[in-house]
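Here is the structure we will look at, set down as structure tokens.
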Amino acid sequence: MEKTLIPTLLLLSNIALADGQEIYRSVCYSCHDYGINFAPKFGAKNQWTSRSSKDIEELVDFVVTGKGNMPPNAGSNLTEFEIREAVFYMIKSLK
Ligand code: HEC
């Protein structure tokens, strides 16, 4: 019991402290690094131009409610705050 509890607690505290890059690396990369299911690729400006011009809150909403092949909350249990951090990180990479 203790053997599994401690790594779980460490994992949870990592997620709570994670910044946008870490959140991206833990969840979003699995589709956005590779363009899975036509996900716009990380850092690929030409795939983001029509999207990145949107309001950041609108983009966060798409992730929370899901869009096309992206499941609600990106299929994760991230909070809206964490999703916003990850969206900021993705948009910043295009500048
Ligand atoms: C299961 C694969 C998958 C994962 C995981 C995923 N995405 Fe996506 N994402 C997609 C796909 C597919 C689209 C394109 C949706 C469309 O336009 O139909 C997309 C689109 C987006 C968009 C653009 C929305 C728009 O305006 O069209 C943003 C922003 C985004 N994802 C952020 C994230 C963030 C942040 C995460 C991690 C928390 C994440 N995604 C994880 C598949 C994924």
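Chains: A, B, ... in order of the structure tokens. Residues: from 1 per chain. Ligands: from 1, in order shown.
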* Contacts of ligand 1, 9 Å or closer, only C-alpha atoms and all ligand atoms, given as JSON, numbers by chain -> {"A": [20, 23, 24, 25, 26, 27, 28, 29, 30, 31, 32, 35, 36, 37, 38, 39, 40, 41, 48, 50, 51, 52, 53, 54, 56, 58, 59, 60, 61, 62, 63, 64, 66, 67, 68, 69, 70, 71, 73, 74, 75, 76, 78, 82, 83, 84, 85, 86, 87, 88, 89, 90, 91]}
Please, could you write that set of residues out with C-alpha atoms as a short mmCIF file (atom, residue, chain, number, x, y, z; two decimals), in the first residue's frame?
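Everything below was put into selection21.cif:
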```cif
data_model
loop_
_atom_site.label_atom_id
_atom_site.label_comp_id
_atom_site.auth_asym_id
_atom_site.auth_seq_id
_atom_site.Cartn_x
_atom_site.Cartn_y
_atom_site.Cartn_z
CA GLY A 20 2.68 24.83 -19.33
CA ILE A 23 1.61 19.86 -18.85
CA TYR A 24 2.09 19.86 -22.61
CA ARG A 25 4.78 17.17 -22.26
CA SER A 26 2.57 15.00 -20.07
CA VAL A 27 -0.70 15.14 -22.04
CA CYS A 28 -0.92 17.23 -25.18
CA TYR A 29 2.25 16.08 -26.96
CA SER A 30 0.76 12.64 -27.62
CA CYS A 31 -1.36 14.14 -30.40
CA HIS A 32 0.18 17.56 -31.06
CA GLY A 35 -0.29 15.55 -35.78
CA ILE A 36 -2.39 12.54 -34.72
CA ASN A 37 -5.97 12.72 -36.06
CA PHE A 38 -5.10 15.99 -37.82
CA ALA A 39 -4.17 17.75 -34.61
CA PRO A 40 -2.28 20.96 -35.49
CA LYS A 41 1.40 20.17 -34.85
CA TRP A 48 -1.95 27.28 -36.47
CA SER A 50 -6.29 30.44 -38.32
CA ARG A 51 -6.40 29.05 -34.78
CA SER A 52 -3.80 31.14 -32.97
CA SER A 53 -5.55 34.36 -34.05
CA LYS A 54 -8.47 33.37 -31.83
CA ILE A 56 -6.95 32.42 -25.89
CA GLU A 58 -11.84 30.50 -26.89
CA LEU A 59 -9.00 28.03 -27.47
CA VAL A 60 -9.11 26.95 -23.81
CA ASP A 61 -12.89 26.41 -24.20
CA PHE A 62 -12.31 24.17 -27.23
CA VAL A 63 -9.98 21.98 -25.19
CA VAL A 64 -12.32 21.85 -22.18
CA GLY A 66 -13.54 19.03 -26.90
CA LYS A 67 -13.36 19.71 -30.62
CA GLY A 68 -13.44 17.37 -33.60
CA ASN A 69 -11.03 14.55 -32.80
CA MET A 70 -9.88 16.15 -29.55
CA PRO A 71 -11.83 14.64 -26.64
CA ASN A 73 -10.43 18.02 -21.53
CA ALA A 74 -8.04 16.40 -24.04
CA GLY A 75 -9.04 13.12 -22.42
CA SER A 76 -7.23 14.08 -19.22
CA LEU A 78 -6.38 18.49 -16.00
CA GLU A 82 -3.66 23.74 -16.27
CA ILE A 83 -5.17 23.57 -19.75
CA ARG A 84 -4.81 27.35 -20.05
CA GLU A 85 -1.10 27.04 -19.10
CA ALA A 86 -0.61 24.40 -21.79
CA VAL A 87 -2.46 26.47 -24.44
CA PHE A 88 -0.25 29.48 -23.59
CA TYR A 89 2.82 27.31 -24.01
CA MET A 90 1.64 26.06 -27.40
CA ILE A 91 0.76 29.54 -28.68
#
```
